[in-house]
$ cat input-v4.cif   # mmCIF, C-alpha atoms and all ligand atoms
data_input
loop_
_atom_site.label_atom_id
_atom_site.label_comp_id
_atom_site.auth_asym_id
_atom_site.auth_seq_id
_atom_site.Cartn_x
_atom_site.Cartn_y
_atom_site.Cartn_z
CA MET A 426 1.94 -21.92 2.95
CA LYS A 427 -1.80 -22.67 2.73
CA LEU A 428 -3.23 -21.97 -0.71
CA GLU A 429 -6.74 -20.50 -0.74
CA THR A 430 -9.20 -20.55 -3.60
CA VAL A 431 -10.51 -17.24 -4.95
CA ALA A 432 -13.87 -17.90 -3.26
CA GLU A 433 -12.16 -18.60 0.07
CA ILE A 434 -10.18 -15.35 -0.14
CA ALA A 435 -13.33 -13.34 -0.98
CA HIS A 436 -15.19 -15.01 1.91
CA ARG A 437 -12.33 -14.39 4.35
CA ILE A 438 -12.24 -10.68 3.48
CA ALA A 439 -16.03 -10.32 3.56
CA THR A 440 -16.29 -11.91 7.01
CA SER A 441 -13.21 -10.32 8.55
CA PRO A 442 -13.89 -7.25 10.72
CA PRO A 443 -12.66 -3.83 9.55
CA LEU A 444 -9.23 -2.74 10.77
CA LEU A 445 -8.72 0.61 9.05
CA GLU A 446 -11.27 2.70 7.17
CA ALA A 447 -10.44 5.70 5.00
CA LYS A 448 -13.57 7.82 4.60
CA GLY A 449 -13.54 10.71 2.15
CA LEU A 450 -9.83 11.13 2.78
CA CYS A 451 -8.12 14.04 0.98
CA VAL A 452 -4.43 14.90 1.27
CA ASP A 453 -2.95 18.10 -0.16
CA TYR A 454 0.63 19.26 -0.60
CA VAL A 455 0.61 22.95 0.14
CA THR A 456 3.08 24.49 -2.30
CA GLU A 457 3.76 27.96 -3.68
CA ALA A 458 2.38 26.82 -7.03
CA GLY A 459 -0.89 25.87 -5.33
CA ASN A 460 -2.41 22.96 -3.43
CA ILE A 461 -1.58 19.63 -5.00
CA ARG A 462 -4.36 17.17 -4.13
CA ALA A 463 -2.40 13.90 -4.10
CA CYS A 464 -5.26 11.88 -2.53
CA ASP A 465 -8.79 12.84 -3.47
CA ASP A 466 -11.86 11.45 -1.69
CA ILE A 467 -10.35 8.07 -0.83
CA ASN A 468 -12.84 5.54 0.53
CA ILE A 469 -11.53 2.10 1.34
CA THR A 470 -11.74 -0.42 4.18
CA LEU A 471 -8.84 -2.65 5.08
CA HIS A 472 -9.89 -5.80 6.93
CA ARG A 473 -8.07 -7.66 9.69
CA GLY A 474 -5.39 -9.94 8.26
CA GLU A 475 -5.94 -8.67 4.72
CA ILE A 476 -3.14 -7.95 2.23
CA LEU A 477 -4.18 -4.89 0.25
CA GLY A 478 -1.99 -3.94 -2.69
CA ILE A 479 -1.99 -0.33 -3.90
CA ALA A 480 -0.73 0.14 -7.46
CA GLY A 481 -0.54 2.89 -10.04
CA GLU A 482 2.00 4.82 -12.09
CA SER A 483 4.46 7.24 -10.57
CA ALA A 484 2.86 10.31 -8.95
CA SER A 485 -0.57 8.70 -8.70
CA GLY A 486 -0.61 9.28 -4.93
CA LYS A 487 0.21 5.80 -3.59
CA SER A 488 2.91 6.79 -1.10
CA THR A 489 0.92 9.80 0.02
CA LEU A 490 -2.08 7.56 0.74
CA LEU A 491 0.02 5.02 2.63
CA ALA A 492 1.55 7.73 4.82
CA ALA A 493 -1.86 9.29 5.45
CA LEU A 494 -3.33 5.92 6.48
CA GLY A 495 -0.73 5.73 9.25
CA ARG A 496 -0.87 9.47 10.04
CA LEU A 497 2.79 9.59 9.06
CA GLN A 498 2.68 12.36 6.49
CA ARG A 499 4.88 15.40 7.03
CA ALA A 500 4.59 19.01 5.85
CA PRO A 501 3.91 20.20 3.22
CA ALA A 502 1.35 17.33 3.17
CA VAL A 503 -1.86 17.95 5.13
CA THR A 504 -4.96 15.82 5.54
CA SER A 505 -7.49 18.36 4.32
CA ALA A 506 -10.66 16.28 4.64
CA GLY A 507 -11.99 12.92 5.73
CA GLN A 508 -11.24 10.34 8.37
CA VAL A 509 -8.95 7.38 8.97
CA VAL A 510 -10.76 5.19 11.47
CA PHE A 511 -8.55 2.61 13.18
CA HIS A 512 -10.18 -0.33 14.97
CA ALA A 513 -7.38 -1.34 17.37
CA LYS A 514 -7.85 -4.61 19.24
CA GLY A 515 -9.59 -4.08 22.56
CA LYS A 516 -10.07 -0.32 22.00
CA GLU A 517 -12.85 1.89 20.73
CA PRO A 518 -12.50 2.84 17.04
CA VAL A 519 -10.57 6.10 16.73
CA ASP A 520 -10.18 8.65 13.94
CA LEU A 521 -6.40 8.97 13.56
CA THR A 522 -6.70 12.31 11.75
CA ARG A 523 -8.00 13.87 14.99
CA LEU A 524 -5.21 12.67 17.27
CA SER A 525 -2.27 14.74 18.46
CA GLU A 526 1.29 13.45 17.99
CA GLU A 527 1.27 12.51 21.68
CA GLN A 528 -1.93 10.48 21.34
CA LEU A 529 -0.61 8.79 18.20
CA VAL A 530 2.25 7.24 20.20
CA ASP A 531 -0.27 4.69 21.56
CA TYR A 532 -0.93 3.44 18.02
CA ARG A 533 2.52 3.60 16.46
CA TRP A 534 4.55 0.36 16.29
CA SER A 535 1.99 -1.65 18.28
CA GLY A 536 -1.03 -0.72 16.15
CA ILE A 537 0.50 0.39 12.86
CA SER A 538 4.11 0.16 11.73
CA ILE A 539 5.80 0.98 8.42
CA VAL A 540 8.55 -0.48 6.24
CA MET A 541 10.02 1.99 3.78
CA GLN A 542 11.90 1.46 0.55
CA SER A 543 15.42 2.12 1.76
CA ALA A 544 16.53 0.43 4.98
CA MET A 545 19.75 2.44 4.99
CA ALA A 546 17.70 5.64 5.12
CA CYS A 547 15.52 4.29 7.97
CA LEU A 548 18.00 2.49 10.21
CA ASN A 549 20.34 4.67 12.25
CA PRO A 550 23.77 4.26 10.61
CA VAL A 551 25.73 4.97 13.81
CA SER A 552 23.79 2.66 16.08
CA ARG A 553 24.03 -1.14 16.37
CA LEU A 554 20.87 -3.14 15.61
CA LYS A 555 20.60 -4.10 19.26
CA ALA A 556 20.31 -0.48 20.38
CA GLN A 557 17.68 0.25 17.72
CA PHE A 558 15.54 -2.77 18.63
CA LEU A 559 15.84 -2.08 22.36
CA ASP A 560 14.83 1.55 21.82
CA VAL A 561 11.54 0.46 20.27
CA LEU A 562 10.85 -2.50 22.56
CA LEU A 563 11.57 -0.70 25.84
CA ALA A 564 9.72 2.46 24.81
CA HIS A 565 6.56 0.42 24.22
CA ASP A 566 6.75 -1.96 27.16
CA SER A 567 8.38 -0.55 30.26
CA SER A 568 7.93 -3.89 32.07
CA LEU A 569 10.58 -5.50 29.81
CA THR A 570 14.08 -5.94 31.19
CA LYS A 571 17.06 -5.32 28.90
CA ALA A 572 17.73 -9.06 28.86
CA THR A 573 14.19 -10.01 27.78
CA ALA A 574 14.14 -7.22 25.20
CA THR A 575 17.46 -8.46 23.79
CA ALA A 576 16.11 -12.00 23.60
CA ARG A 577 13.01 -10.70 21.80
CA ALA A 578 15.19 -8.71 19.35
CA GLU A 579 17.24 -11.84 18.62
CA GLU A 580 14.06 -13.82 18.07
CA LEU A 581 12.77 -11.15 15.65
CA LEU A 582 16.02 -11.21 13.66
CA GLN A 583 15.90 -14.99 13.48
CA MET A 584 12.30 -14.80 12.28
CA VAL A 585 13.48 -12.92 9.17
CA GLY A 586 16.46 -15.24 8.65
CA ILE A 587 19.23 -13.15 10.26
CA PRO A 588 21.47 -15.05 12.73
CA SER A 589 20.93 -13.72 16.24
CA HIS A 590 24.61 -12.81 16.78
CA ARG A 591 24.25 -10.12 14.05
CA ILE A 592 22.32 -8.12 16.65
CA ASN A 593 25.64 -6.44 17.42
CA ALA A 594 26.19 -5.32 13.82
CA PHE A 595 25.92 -1.79 12.52
CA PRO A 596 23.53 -1.48 9.54
CA HIS A 597 26.41 -0.92 7.06
CA GLU A 598 27.88 -4.28 8.07
CA LEU A 599 24.82 -6.05 6.63
CA SER A 600 24.01 -6.71 2.95
CA GLY A 601 21.18 -4.70 1.36
CA GLY A 602 18.80 -7.67 1.64
CA MET A 603 19.69 -8.20 5.29
CA GLN A 604 19.16 -4.51 6.07
CA GLN A 605 15.72 -4.67 4.51
CA ARG A 606 14.90 -7.83 6.48
CA ALA A 607 16.18 -6.18 9.68
CA LEU A 608 13.82 -3.28 9.02
CA ILE A 609 10.93 -5.72 8.55
CA ALA A 610 11.89 -7.43 11.85
CA LEU A 611 11.92 -4.01 13.53
CA SER A 612 8.48 -3.20 12.12
CA LEU A 613 7.16 -6.37 13.79
CA ALA A 614 8.80 -5.65 17.16
CA CYS A 615 5.60 -4.59 18.92
CA ASP A 616 3.30 -7.12 17.24
CA PRO A 617 1.44 -4.58 15.04
CA GLU A 618 -2.04 -5.14 13.66
CA LEU A 619 -1.17 -3.39 10.39
CA VAL A 620 2.14 -3.07 8.56
CA LEU A 621 2.36 -0.39 5.87
CA MET A 622 4.92 -1.32 3.21
CA ASP A 623 6.12 1.25 0.69
CA GLU A 624 8.08 -0.46 -2.10
CA PRO A 625 9.93 -2.52 0.55
CA THR A 626 11.87 -4.60 -1.97
CA THR A 627 12.65 -2.06 -4.70
CA ALA A 628 16.24 -1.54 -3.55
CA VAL A 629 17.21 -5.24 -3.70
CA ASP A 630 17.75 -7.64 -6.61
CA VAL A 631 14.98 -9.89 -7.91
CA VAL A 632 16.18 -13.05 -6.13
CA MET A 633 16.38 -11.24 -2.81
CA GLN A 634 13.00 -9.63 -3.54
CA ARG A 635 11.42 -13.09 -3.83
CA GLN A 636 13.07 -14.27 -0.61
CA ILE A 637 11.94 -11.20 1.32
CA LEU A 638 8.37 -11.41 0.03
CA ALA A 639 8.17 -15.12 0.83
CA LYS A 640 9.33 -14.32 4.37
CA VAL A 641 6.82 -11.48 4.74
CA LEU A 642 3.97 -13.74 3.60
CA GLU A 643 5.10 -16.52 5.95
CA LEU A 644 5.19 -14.12 8.91
CA GLN A 645 1.87 -12.55 7.92
CA GLU A 646 0.21 -15.97 7.91
CA LYS A 647 1.80 -16.87 11.26
CA LEU A 648 1.19 -13.57 13.07
CA GLY A 649 -2.00 -12.43 11.34
CA PHE A 650 -1.20 -8.75 10.79
CA ALA A 651 -2.76 -6.91 7.84
CA ILE A 652 -0.59 -5.34 5.14
CA ALA A 653 -1.08 -2.34 2.88
CA PHE A 654 1.58 -2.72 0.21
CA VAL A 655 2.46 0.05 -2.26
CA THR A 656 4.27 -0.56 -5.51
CA HIS A 657 4.01 0.34 -9.18
CA ASP A 658 4.69 -3.34 -9.98
CA LEU A 659 1.24 -4.76 -10.62
CA SER A 660 2.54 -8.25 -11.42
CA LEU A 661 4.09 -8.46 -7.95
CA LEU A 662 0.85 -7.35 -6.31
CA LEU A 663 -1.15 -9.88 -8.30
CA GLU A 664 0.90 -12.60 -6.66
CA ILE A 665 0.84 -11.47 -3.04
CA SER A 666 -2.38 -9.49 -2.50
CA ASP A 667 -5.87 -10.47 -1.44
CA ARG A 668 -7.26 -7.28 -2.97
CA ILE A 669 -5.75 -4.54 -5.09
CA ALA A 670 -6.62 -0.84 -5.27
CA ILE A 671 -5.55 0.99 -8.43
CA MET A 672 -4.77 4.71 -8.14
CA TYR A 673 -4.75 7.30 -10.89
CA GLY A 674 -4.42 11.06 -10.52
CA GLY A 675 -4.89 10.90 -6.74
CA LYS A 676 -8.05 8.78 -6.86
CA ILE A 677 -8.81 5.11 -6.46
CA VAL A 678 -10.19 4.08 -9.84
CA GLU A 679 -10.68 0.36 -9.25
CA VAL A 680 -10.67 -2.08 -6.33
CA GLY A 681 -11.08 -5.83 -6.58
CA THR A 682 -9.62 -9.18 -5.67
CA ALA A 683 -6.22 -9.93 -7.15
CA ALA A 684 -7.81 -12.75 -9.16
CA GLN A 685 -10.32 -10.36 -10.67
CA MET A 686 -7.64 -7.80 -11.52
CA TYR A 687 -5.66 -10.54 -13.20
CA GLU A 688 -8.46 -12.19 -15.11
CA ALA A 689 -10.88 -9.37 -15.86
CA PRO A 690 -9.78 -5.84 -14.93
CA ARG A 691 -12.72 -3.54 -15.67
CA HIS A 692 -11.32 0.00 -15.69
CA PRO A 693 -9.49 0.88 -18.95
CA TYR A 694 -6.54 2.14 -16.89
CA THR A 695 -6.27 -1.17 -14.98
CA GLN A 696 -6.51 -2.99 -18.30
CA GLY A 697 -3.63 -0.85 -19.58
CA LEU A 698 -1.52 -1.59 -16.49
CA ARG A 699 -2.35 -5.29 -16.73
CA ASN A 700 -1.22 -5.37 -20.37
CA ALA A 701 1.99 -3.58 -19.50
CA PHE A 702 3.16 -6.04 -16.80
CA PRO A 703 3.73 -9.76 -17.28
CA PRO A 704 3.05 -11.84 -14.15
CA LEU A 705 6.33 -13.57 -13.32
CA THR A 706 4.89 -17.04 -13.87
CA GLU A 707 3.26 -16.38 -17.25
CA PRO A 708 4.79 -17.32 -20.64
CA VAL A 709 6.26 -14.42 -22.64
CA ARG A 710 3.62 -12.42 -24.52
CA LYS A 711 3.52 -9.08 -26.29
CA LEU A 712 3.31 -6.20 -23.83
CA THR A 713 1.73 -2.85 -24.61
CA GLY A 714 2.26 0.39 -22.73
CA ILE A 715 -0.34 3.05 -21.91
CA PRO A 716 0.05 5.96 -24.33
CA GLY A 717 0.61 9.45 -22.90
CA SER A 718 1.70 10.31 -19.37
CA PRO A 719 0.06 10.70 -15.93
CA PRO A 720 -1.83 13.95 -15.34
CA ASN A 721 -0.46 17.05 -13.68
CA LEU A 722 -2.30 17.14 -10.34
CA LEU A 723 -2.25 20.94 -10.40
CA ASN A 724 -4.11 20.97 -13.69
CA LEU A 725 -6.42 17.98 -13.90
CA PRO A 726 -8.80 17.53 -16.83
CA GLN A 727 -12.40 18.52 -16.19
CA GLY A 728 -13.89 15.00 -16.34
CA CYS A 729 -12.20 11.65 -15.81
CA ALA A 730 -8.46 12.22 -15.29
CA PHE A 731 -7.72 9.19 -17.48
CA ALA A 732 -9.90 10.35 -20.40
CA PRO A 733 -7.07 12.00 -22.40
CA ARG A 734 -5.26 8.61 -22.52
CA CYS A 735 -8.31 6.38 -22.77
CA SER A 736 -9.03 4.68 -26.11
CA GLN A 737 -12.57 3.80 -24.95
CA LYS A 738 -13.71 7.22 -23.73
CA ILE A 739 -17.20 8.53 -24.45
CA ALA A 740 -18.38 12.14 -24.46
CA ARG A 741 -19.39 12.09 -20.78
CA CYS A 742 -15.85 11.13 -19.72
CA GLU A 743 -14.54 14.56 -20.69
CA SER A 744 -17.03 16.54 -18.64
CA GLU A 745 -18.02 14.45 -15.61
CA ILE A 746 -15.79 12.83 -12.97
CA PRO A 747 -16.92 9.20 -12.55
CA ALA A 748 -17.71 8.03 -9.00
CA LEU A 749 -16.25 4.85 -7.53
CA LEU A 750 -19.26 2.52 -7.68
CA ASP A 751 -19.92 -1.13 -6.94
CA ILE A 752 -19.52 -3.42 -9.91
CA SER A 753 -19.61 -7.21 -9.85
CA GLY A 754 -16.70 -8.40 -7.70
CA GLY A 755 -15.38 -4.96 -6.76
CA ARG A 756 -15.63 -1.22 -7.37
CA ALA A 757 -14.64 0.96 -10.30
CA ALA A 758 -14.87 4.61 -11.33
CA CYS A 759 -15.65 4.55 -15.04
CA HIS A 760 -18.67 5.83 -16.96
CA LEU A 761 -18.42 2.90 -19.37
CA LEU A 762 -19.26 0.52 -16.56
CA THR A 763 -22.27 2.33 -15.20
CA GLN A 764 -24.33 3.21 -18.22
CA GLU A 765 -25.86 1.62 -21.28
CA ILE A 766 -23.03 1.38 -23.76
CA PRO A 767 -22.81 0.27 -27.37
CA GLU A 768 -21.88 -3.36 -28.00
CA PRO A 769 -18.37 -2.72 -29.48
CA ALA A 770 -17.29 -0.74 -26.40
CA LYS A 771 -18.81 -3.42 -24.14
CA GLU A 772 -16.80 -6.10 -25.95
CA ALA A 773 -13.63 -4.05 -25.49
CA LEU A 774 -14.34 -3.73 -21.76
CA ASN A 775 -14.81 -7.44 -21.34
CA ALA A 776 -11.85 -8.38 -23.53
N1 LIG A 801 6.95 16.87 -0.71
C1 LIG A 801 6.12 17.13 -1.73
N2 LIG A 801 5.84 18.41 -2.06
C2 LIG A 801 5.01 18.69 -3.07
N3 LIG A 801 4.36 17.77 -3.81
C3 LIG A 801 4.59 16.49 -3.52
C4 LIG A 801 5.49 16.09 -2.47
N4 LIG A 801 5.52 14.75 -2.43
C5 LIG A 801 4.70 14.32 -3.41
N5 LIG A 801 4.14 15.35 -4.05
C6 LIG A 801 3.18 15.28 -5.17
O1 LIG A 801 2.14 14.37 -4.84
C7 LIG A 801 1.83 13.55 -5.93
C8 LIG A 801 1.77 12.11 -5.52
O2 LIG A 801 3.03 11.70 -5.05
P1 LIG A 801 3.27 10.26 -4.43
O3 LIG A 801 4.72 10.18 -4.05
O4 LIG A 801 2.26 9.99 -3.39
O5 LIG A 801 2.97 9.34 -5.69
P2 LIG A 801 3.35 7.81 -5.90
O6 LIG A 801 2.22 7.22 -6.64
O7 LIG A 801 3.73 7.18 -4.62
O8 LIG A 801 4.61 7.96 -6.85
P3 LIG A 801 5.97 7.06 -6.90
O9 LIG A 801 5.56 5.71 -7.40
O10 LIG A 801 6.81 7.80 -7.89
O11 LIG A 801 6.54 7.05 -5.51
C9 LIG A 801 2.87 13.83 -7.01
O12 LIG A 801 2.26 14.57 -8.04
C10 LIG A 801 3.90 14.69 -6.38
O13 LIG A 801 4.28 15.71 -7.23
#
$ encode --input "input-v4.cif" --output "C-alpha cells"
Amino acid sequence: MKLETVAEIAHRIATSPPLLEAKGLCVDYVTEAGNIRACDDINITLHRGEILGIAGESASGKSTLLAALGRLQRAPAVTSAGQVVFHAKGKEPVDLTRLSEEQLVDYRWSGISIVMQSAMACLNPVSRLKAQFLDVLLAHDSSLTKATATARAEELLQMVGIPSHRINAFPHELSGGMQQRALIALSLACDPELVLMDEPTTAVDVVMQRQILAKVLELQEKLGFAIAFVTHDLSLLLEISDRIAIMYGGKIVEVGTAAQMYEAPRHPYTQGLRNAFPPLTEPVRKLTGIPGSPPNLLNLPQGCAFAPRCSQKIARCESEIPALLDISGGRAACHLLTQEIPEPAKEALNA
C-alpha cells in the first residue's frame, strides 16, 4: 500500500471534489418522552476517495448520522432539517433528503452502500450467498446474464479472500470473519462511490479485525470509493482515516486530519478520548478516562454539552453553545479556542 505524508493527504482531500455534503442536518427520534435530537446541525463534506472516521462515546449520534447520510434511517428517526447533497458521478447533485424511496433506488448500492456491524443480521440466513449476490447484481443491471452475474459474484468473493466455490454456502456455514467479508464484498457489488461502515469489525476478534481492515483499505485504494467509518475506537480510526470527525451529544465538536487528532487534538473532549485510547503501535502508557458520562439528549445542558465534564471550562461554556469554527488544520466547537484565554488554559489546550 502506498504511504502518503500528512501534507499529501491534506492536499489530496483539499483538491478532491465533494462527494457528499451534510448541510445543517438534524435528525430526531420521535418518542413519547419527546423528540430526541440525535444529530444537531451537522455540517460536513466528504470528498471523493476520502476515508472519514466518525468517533465518539456511545449515544453521541454516530450511527444515526451514518444512516442519515445514506437516507437509511427508519422510524422513529426523521430528518427534521437540513440537506444531504450527493454528487453522483455523471449526474446533477441531488439532495437525498428530498427523494422518495422509489427515487432513492437509483442511488442505493451503486452510489452509496452500507456495511453494518453484524453480518448475520444483514445476510439472509436461509439463502445461499449466490442468490443474495445475484439479487443485487441483477436488480441493478438488467443487461447482466445469470452467468456473468455469477462470475462477478465469484470475483467479488475472491477480492475479499473468500474462495469462489463458497458462493454456494449459506451464511451460517461461514466463520464470523468470512461472513463480515462476504458482506463487504456484497456492499461493493455495484461499484459504489461511497461505502458507509458502521462498526464493521466489532463482532470479530482483533486478528480478524486487522485482516478485514487491511483488505478494506486495499480495495479502497484499488477501486477509489470513499468511506465513512463509524466506531467508538479512536485508535483504530487514527490508523485508517484521512480525516476524523468527533461527535458529542449529537453534534460534531471537532474535525481534522487523523495526524492532527493524534498529535494535537484541540477540543478538550477529543483530548480526553485521545488519552483514553492507546494507538495499537504505541508503547504502553498511562491511560486516563473522561470523568462523568455522556449527556441525556432529552435534557442537554444550556451551553456546551461537554461543559459539565470539562476540566478547562470557562464561564461562557455554561451559557452559550459553541459553534463549529475553523481552527488551524481543522474545525472545532470550543469557546477556549476562539477567544482570548489566560496562559495556563492555553498551555493545557496545547499540551
Ligand atoms: N430507535 C430509537 N428510538 C429512540 N431513540 C433512539 C433510537 N435509536 C437511537 N436513539 C437515541 O439516539 C441517540 C444516538 O444514538 P446512536 O445509536 O446514533 O449513537 P451512537 O453514537 O452510534 O452510539 P453507539 O456507539 O452506542 O452505537 C441515543 O441517545 C439514543 O438514545
$ atom_distance --input "input-v4.cif" --atom1 "CA of Pro518 in chain A" --atom2 "CA of Ile476 in chain A"
20.6 Å
$ residues_around --input "input-v4.cif" --residues "range 523-526 of chain A" --least-positions-apart "4" --cutoff "10 Å" --atoms "all atoms listed in the file" --output "ChimeraX atom specification"
/A:496-497,508-510,519,530-531
$ atom_distance --input "input-v4.cif" --atom1 "CA of Glu579 in chain A" --atom2 "CA of Ile592 in chain A"
6.6 Å
$ residues_near_ligand --input "input-v4.cif" --ligand "ligand LIG 801 (chain A)" --cutoff "10 Å" --atoms "only C-alpha atoms and all ligand atoms" --output "ChimeraX atom specification"
/A:452-464,479-493,498-502,542,623-624,655-658,672-675,719-723
$ atom_distance --input "input-v4.cif" --atom1 "CA of Met545 in chain A" --atom2 "CA of Gly586 in chain A"
18.4 Å
$ residues_around --input "input-v4.cif" --residues "Tyr687 in chain A" --least-positions-apart "4" --cutoff "8 Å" --atoms "all atoms listed in the file" --output "list in words"
Leu663, Ala683 and Arg699 of chain A
$ residues_around --input "input-v4.cif" --residues "Gln604 in chain A" --least-positions-apart "4" --cutoff "12 Å" --atoms "only C-alpha atoms" --output "ChimeraX atom specification"
/A:540-550,553-554,582,585-587,591-592,594-600,608-611,625-626,628-629,633,637
$ write_last_selection --input "input-v4.cif" --atoms "C-alpha atoms" --output "mmCIF file, in the frame of the given file"
data_model
loop_
_atom_site.group_PDB
_atom_site.id
_atom_site.type_symbol
_atom_site.label_atom_id
_atom_site.label_comp_id
_atom_site.auth_asym_id
_atom_site.auth_seq_id
_atom_site.Cartn_x
_atom_site.Cartn_y
_atom_site.Cartn_z
ATOM 1 C CA VAL A 540 8.550 -0.480 6.240
ATOM 2 C CA MET A 541 10.020 1.990 3.780
ATOM 3 C CA GLN A 542 11.900 1.460 0.550
ATOM 4 C CA SER A 543 15.420 2.120 1.760
ATOM 5 C CA ALA A 544 16.530 0.430 4.980
ATOM 6 C CA MET A 545 19.750 2.440 4.990
ATOM 7 C CA ALA A 546 17.700 5.640 5.120
ATOM 8 C CA CYS A 547 15.520 4.290 7.970
ATOM 9 C CA LEU A 548 18.000 2.490 10.210
ATOM 10 C CA ASN A 549 20.340 4.670 12.250
ATOM 11 C CA PRO A 550 23.770 4.260 10.610
ATOM 12 C CA ARG A 553 24.030 -1.140 16.370
ATOM 13 C CA LEU A 554 20.870 -3.140 15.610
ATOM 14 C CA LEU A 582 16.020 -11.210 13.660
ATOM 15 C CA VAL A 585 13.480 -12.920 9.170
ATOM 16 C CA GLY A 586 16.460 -15.240 8.650
ATOM 17 C CA ILE A 587 19.230 -13.150 10.260
ATOM 18 C CA ARG A 591 24.250 -10.120 14.050
ATOM 19 C CA ILE A 592 22.320 -8.120 16.650
ATOM 20 C CA ALA A 594 26.190 -5.320 13.820
ATOM 21 C CA PHE A 595 25.920 -1.790 12.520
ATOM 22 C CA PRO A 596 23.530 -1.480 9.540
ATOM 23 C CA HIS A 597 26.410 -0.920 7.060
ATOM 24 C CA GLU A 598 27.880 -4.280 8.070
ATOM 25 C CA LEU A 599 24.820 -6.050 6.630
ATOM 26 C CA SER A 600 24.010 -6.710 2.950
ATOM 27 C CA LEU A 608 13.820 -3.280 9.020
ATOM 28 C CA ILE A 609 10.930 -5.720 8.550
ATOM 29 C CA ALA A 610 11.890 -7.430 11.850
ATOM 30 C CA LEU A 611 11.920 -4.010 13.530
ATOM 31 C CA PRO A 625 9.930 -2.520 0.550
ATOM 32 C CA THR A 626 11.870 -4.600 -1.970
ATOM 33 C CA ALA A 628 16.240 -1.540 -3.550
ATOM 34 C CA VAL A 629 17.210 -5.240 -3.700
ATOM 35 C CA MET A 633 16.380 -11.240 -2.810
ATOM 36 C CA ILE A 637 11.940 -11.200 1.320
#
$ closest_residue --input "input-v4.cif" --among "A:Leu642, A:Val503, A:Ile669, A:Ile677" --to "Ala447 in chain A" --atoms "all atoms listed in the file"
A:Ile677
$ closest_residue --input "input-v4.cif" --among "A:Asp751, A:Glu433, A:Glu618, A:Asp466" --to "Ile539 in chain A" --atoms "all atoms listed in the file"
A:Glu618
$ residues_around --input "input-v4.cif" --residues "Thr763 in chain A" --least-positions-apart "3" --cutoff "10 Å" --atoms "only C-alpha atoms" --output "list in words"
Pro747, Ala748, Leu750, Asp751, Ile752, Ala757, Ala758, Cys759, His760 and Ile766 of chain A
$ residues_near_point --input "input-v4.cif" --point "(-11.1, 11.4, -0.6)" --cutoff "7 Å" --atoms "only C-alpha atoms" --output "list in words"
Lys448, Gly449, Leu450, Cys451, Cys464, Asp465, Asp466, Ile467, Asn468 and Gly507 of chain A
$ closest_residue --input "input-v4.cif" --among "A:Gly755, A:Ala684, A:Gly728, A:Phe702" --to "Cys742 in chain A" --atoms "all atoms listed in the file"
A:Gly728
